[in-house]
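The structure appears below as structure tokens.
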Amino acid sequence: MDLDANRNLIATALGRIPSGDRAALQTVYRLTSAKLFGVCLRILGERGEAEDVLQEVYVTVWRKAADFNASRASPMTWLISIARNRSIDRLRASRQSRNMDPIETATDVADSTAGADAAIETVEVQTRLHRCLGGLASHERAALRGAFFDGNTYEDLAVRMKVPLGTMKSWIRRALIKLKVCLEQ
Amino acid sequence: MTDTLDHSALPEDDILAAEYALGVLAGGDRVAVEQRAARDRGFARLVSDWEERLAPWGAEISDVAPPPQVWERIAAVLPAQVHGGGLWQNLNFWRGLSFAAGALAAACLAALIYLGTLARQPLIATIEGDGHRHFIATIDASRGTVAVVPATFSPDATRVPELWLIPPDGKPRPVGLLRGDQTVILSLPTDLAVLAKKDAVLAVSLEPPGGSTTGLPTGPVIASGKLTSL
């Protein structure tokens, strides 16, 4: 789906929150809560915890809306980052990641390009990320995905992929460098 | 381990920002990065740049509708949205006034109180249904707000009152949720404010907690009233 379909509506509503406008927060909630709940649920794996964190996320949005800069950032990216970070905080506070299944890189699926209905600009950005991820080794790609989608730490990923911690760190750092170089081309 | 990583390719700060945005840090490392981002604008920008780079992955995560009680819990911890103080916030004052002198008098007074702060003339509507005056709404076009004072509205245990603006085209536009126990000030975005003219109608429907999710009233419309200038 197109993450930025309601970009202007969401950005405008975010802009009204710092003046204490509850209806604006409710507008943001209506337009984005299903995506953000999906994000919390994906990382936390349990509905009750995901609901608690979703509440924290919107209270954070209420307090921090003034930090959102519509000229620099996409509102959905900003909101999803808050949802991921609050979910990861909850995960770290509890124990280890929910998803600790071994990752077999041999069966690692290539990144699929999502959403034919997405806006042109979004498709381009998505295509570029997927192309650059495609240029990584499959174990690097699998490690990055485990971190992004399952909230795994370096330690978690080392366990899941059965490699020493130092190896995992260098895989990920190398992958991040390659990714940035590719995205900037 | 053979580490051929070329650290000069990316400054250490950029790596740290990437690790945080990706989510691989734990414990003290994660806390330290968060604290740094809070006080160092340049570093915070590195983090948000990485969030933007990874953002397309977010589109892969499926939407899941949260249960309605999540919004109720959020709304319950937000500070109440009320103007000024004193009588304006005092429900008993409004109740007493509306019972003693009739809701219309309250509406006039509400509008008069408002006039003191207004550049333009406000519009008011007495929102009635079933022989009762449920709410009195005052629209302040210059500030883009609508203030809604509950008069005789009794809350429903399972549903919440939602305010709709219905311009002459007959299509209801959602304005926001009301409360039976206190004045609510809702903002009117510019696209709604231009429709809030004399003879447009304000209506209240009963909706599931969190409000209608369809953009149109889903529950019974219990009261309505025309906007008039004072």
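In the structure tokens, the first chain shown is A, the next is B, and so on; residue numbers restart at 1 for each chain, and ligands run from 1 in the order shown.
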Requested in this report: For segment 177-181 of chain A, list every protein, DNA or RNA residue within 10 Å, evaluated using only C-alpha atoms, and leave out those in the same chain fewer than 5 positions away; present the list as JSON, numbers by chain.
Outcome: {"A": [129, 131, 132, 133, 134, 135, 136, 172], "B": [5, 6, 7, 9, 10, 11, 14, 15, 18, 50, 53, 54]}
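Nearest to chain A of all the residues B:Pro189, B:Pro220, B:Gly129, B:Pro122 is B:Pro189, counting only C-alpha atoms.
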Please identify all polymer residues within 10 Å of Gln35 of chain B, counting only C-alpha atoms, omitting same-chain residues fewer than 5 positions from it, and present them as a tab-separated table (two decimals) with C-alpha atoms, in the first residue's frame.
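And here is the file that came out, out16.tsv:
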chain	number	residue	atom	x	y	z
B	30	ARG	CA	20.59	2.27	22.76
B	40	ASP	CA	22.47	16.95	19.30
B	44	ALA	CA	19.24	13.48	15.29
Would you tabulate, counting only C-alpha atoms, all residues of segment 44-83 of chain B that have an atom at most 10 Å from an atom of segment 32-54 of chain A, showing the closest pair of atoms and their distance in Å to one decimal, sorted by chain then ascending number, as JSON lines?
{"residue": "B:Gly58", "atom": "CA", "partner": "A:Val39", "partner_atom": "CA", "distance": 7.8}
{"residue": "B:Ala59", "atom": "CA", "partner": "A:Lys35", "partner_atom": "CA", "distance": 8.7}
{"residue": "B:Glu60", "atom": "CA", "partner": "A:Val39", "partner_atom": "CA", "distance": 9.8}
{"residue": "B:Ile61", "atom": "CA", "partner": "A:Gly38", "partner_atom": "CA", "distance": 6.4}
{"residue": "B:Ser62", "atom": "CA", "partner": "A:Gly38", "partner_atom": "CA", "distance": 5.8}
{"residue": "B:Asp63", "atom": "CA", "partner": "A:Lys35", "partner_atom": "CA", "distance": 4.4}
{"residue": "B:Val64", "atom": "CA", "partner": "A:Ala34", "partner_atom": "CA", "distance": 4.8}
{"residue": "B:Ala65", "atom": "CA", "partner": "A:Ala34", "partner_atom": "CA", "distance": 4.4}
{"residue": "B:Pro66", "atom": "CA", "partner": "A:Phe37", "partner_atom": "CA", "distance": 6.1}
{"residue": "B:Pro67", "atom": "CA", "partner": "A:Glu51", "partner_atom": "CA", "distance": 8.1}
{"residue": "B:Gln69", "atom": "CA", "partner": "A:Glu51", "partner_atom": "CA", "distance": 9.1}
{"residue": "B:Val70", "atom": "CA", "partner": "A:Glu51", "partner_atom": "CA", "distance": 6.5}
{"residue": "B:Trp71", "atom": "CA", "partner": "A:Ser33", "partner_atom": "CA", "distance": 9.3}
{"residue": "B:Arg73", "atom": "CA", "partner": "A:Asp52", "partner_atom": "CA", "distance": 9.4}
{"residue": "B:Ile74", "atom": "CA", "partner": "A:Leu54", "partner_atom": "CA", "distance": 9.1}
Write out as a PDB file with C-alpha atoms, in the first residue's frame each polymer residue whose atoms come within 12 Å of segment 13-20 of chain A, counting only C-alpha atoms; drop sequence neighbours fewer than 5 positions from it.
ATOM      1  CA  ASN A   6      -2.674  10.778   3.160  1.00  0.00           C
ATOM      2  CA  ARG A   7       0.600  12.625   3.560  1.00  0.00           C
ATOM      3  CA  ASN A   8      -0.861  16.132   3.445  1.00  0.00           C
ATOM      4  CA  LEU A  25      -4.616  13.934  17.195  1.00  0.00           C
ATOM      5  CA  GLN A  26      -7.783  11.970  16.575  1.00  0.00           C
ATOM      6  CA  THR A  27      -7.489  12.665  12.853  1.00  0.00           C
ATOM      7  CA  VAL A  28      -3.906  11.375  12.908  1.00  0.00           C
ATOM      8  CA  TYR A  29      -5.100   8.335  14.853  1.00  0.00           C
ATOM      9  CA  ARG A  30      -7.885   7.588  12.378  1.00  0.00           C
ATOM     10  CA  LEU A  31      -5.568   7.815   9.404  1.00  0.00           C
ATOM     11  CA  THR A  32      -2.582   5.942  10.818  1.00  0.00           C
ATOM     12  CA  TYR A  58       0.056   8.388  20.297  1.00  0.00           C
ATOM     13  CA  VAL A  59       0.744  10.005  23.652  1.00  0.00           C
ATOM     14  CA  THR A  60       4.328  10.477  22.386  1.00  0.00           C
ATOM     15  CA  VAL A  61       2.947  11.947  19.156  1.00  0.00           C
ATOM     16  CA  TRP A  62       0.830  14.353  21.223  1.00  0.00           C
ATOM     17  CA  ARG A  63       3.885  15.515  23.188  1.00  0.00           C
ATOM     18  CA  LYS A  64       6.376  15.572  20.338  1.00  0.00           C
ATOM     19  CA  ALA A  65       4.325  16.760  17.365  1.00  0.00           C
ATOM     20  CA  ALA A  66       6.208  20.087  17.428  1.00  0.00           C
ATOM     21  CA  ASP A  67       9.399  18.154  16.543  1.00  0.00           C
ATOM     22  CA  PHE A  68       7.884  16.947  13.284  1.00  0.00           C
ATOM     23  CA  ASN A  69       9.222  18.922  10.352  1.00  0.00           C
ATOM     24  CA  ALA A  70       6.925  18.532   7.345  1.00  0.00           C
ATOM     25  CA  SER A  71       9.454  20.065   4.959  1.00  0.00           C
ATOM     26  CA  SER A  74       7.409  12.104   5.623  1.00  0.00           C
ATOM     27  CA  PRO A  75       4.769  11.970   8.356  1.00  0.00           C
ATOM     28  CA  MET A  76       4.384   8.183   8.018  1.00  0.00           C
ATOM     29  CA  TRP A  78       8.156   9.791  11.460  1.00  0.00           C
ATOM     30  CA  LEU A  79       5.165   7.959  12.953  1.00  0.00           C
TER      31      LEU A  79
ATOM     32  CA  LEU B  78      -4.788  13.858  27.166  1.00  0.00           C
ATOM     33  CA  PRO B  79      -5.324  17.175  28.913  1.00  0.00           C
ATOM     34  CA  ALA B  80      -8.930  18.319  28.572  1.00  0.00           C
ATOM     35  CA  GLN B  81      -9.355  20.834  25.806  1.00  0.00           C
ATOM     36  CA  VAL B  82     -11.074  23.844  27.269  1.00  0.00           C
ATOM     37  CA  HIS B  83     -10.720  27.561  26.826  1.00  0.00           C
ATOM     38  CA  GLY B 144     -11.311  28.251  12.975  1.00  0.00           C
ATOM     39  CA  THR B 145     -12.908  26.715  16.045  1.00  0.00           C
ATOM     40  CA  ILE B 185     -13.494  23.158  21.505  1.00  0.00           C
ATOM     41  CA  LEU B 186     -12.901  21.531  18.145  1.00  0.00           C
ATOM     42  CA  SER B 187     -10.872  22.963  15.352  1.00  0.00           C
ATOM     43  CA  LEU B 188     -12.409  23.556  11.952  1.00  0.00           C
ATOM     44  CA  PRO B 189      -9.857  23.000   9.206  1.00  0.00           C
ATOM     45  CA  THR B 190     -10.047  25.607   6.444  1.00  0.00           C
TER      46      THR B 190
END
Requested in this report: Write out as a VMD selection string the residues lying within 10 Å of Pro217 of chain B, counting only C-alpha atoms and excluding same-chain residues fewer than 2 positions away.
Outcome: chain B and resid 162 to 164 172 to 174 203 to 207 211 to 215 219 to 221
Those selected residues, please, written with N, CA and C atoms and delivered as a CSV table (one decimal), in the first residue's frame.
chain,number,residue,atom,x,y,z
B,162,GLU,N,-21.0,12.5,18.3
B,162,GLU,CA,-20.1,13.0,17.3
B,162,GLU,C,-20.8,14.1,16.5
B,163,LEU,N,-20.0,15.2,16.3
B,163,LEU,CA,-20.6,16.4,15.7
B,163,LEU,C,-20.3,16.4,14.2
B,164,TRP,N,-21.3,16.7,13.4
B,164,TRP,CA,-21.2,16.8,11.9
B,164,TRP,C,-21.6,18.1,11.4
B,172,PRO,N,-22.8,15.1,5.1
B,172,PRO,CA,-22.2,15.4,6.4
B,172,PRO,C,-20.7,15.3,6.4
B,173,ARG,N,-20.0,16.3,7.1
B,173,ARG,CA,-18.6,16.3,7.2
B,173,ARG,C,-18.3,16.1,8.7
B,174,PRO,N,-17.4,15.1,9.1
B,174,PRO,CA,-17.1,14.9,10.5
B,174,PRO,C,-16.4,16.1,11.1
B,203,ALA,N,-25.2,18.7,13.2
B,203,ALA,CA,-25.9,17.5,13.7
B,203,ALA,C,-25.1,16.7,14.6
B,204,VAL,N,-25.7,16.0,15.5
B,204,VAL,CA,-25.0,15.1,16.4
B,204,VAL,C,-25.5,13.6,16.2
B,205,SER,N,-24.6,12.7,16.0
B,205,SER,CA,-25.0,11.3,15.9
B,205,SER,C,-24.3,10.5,17.1
B,206,LEU,N,-24.9,9.4,17.4
B,206,LEU,CA,-24.3,8.5,18.4
B,206,LEU,C,-23.4,7.5,17.6
B,207,GLU,N,-22.1,7.4,18.0
B,207,GLU,CA,-21.2,6.6,17.3
B,207,GLU,C,-20.4,5.6,18.3
B,211,GLY,N,-15.5,7.2,17.5
B,211,GLY,CA,-16.2,7.9,16.5
B,211,GLY,C,-16.4,7.0,15.2
B,212,SER,N,-17.2,7.5,14.3
B,212,SER,CA,-17.4,6.8,13.1
B,212,SER,C,-16.1,6.6,12.3
B,213,THR,N,-15.9,5.4,11.8
B,213,THR,CA,-14.7,5.2,11.0
B,213,THR,C,-14.9,5.3,9.5
B,214,THR,N,-16.2,5.6,9.1
B,214,THR,CA,-16.5,5.6,7.7
B,214,THR,C,-16.5,7.0,7.1
B,215,GLY,N,-16.4,8.0,7.9
B,215,GLY,CA,-16.5,9.4,7.4
B,215,GLY,C,-17.9,9.9,7.3
B,219,GLY,N,-24.4,5.8,13.3
B,219,GLY,CA,-25.5,5.7,14.3
B,219,GLY,C,-26.6,6.7,14.1
B,220,PRO,N,-27.6,6.6,15.0
B,220,PRO,CA,-28.7,7.5,14.9
B,220,PRO,C,-28.3,9.0,15.1
B,221,VAL,N,-28.9,9.9,14.2
B,221,VAL,CA,-28.7,11.3,14.4
B,221,VAL,C,-29.8,11.8,15.4
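Of the listed residues (A:Glu124, A:Glu140, A:Asp156, A:Glu104), A:Glu124 comes nearest to Leu183 of chain A; the distances count only C-alpha atoms.
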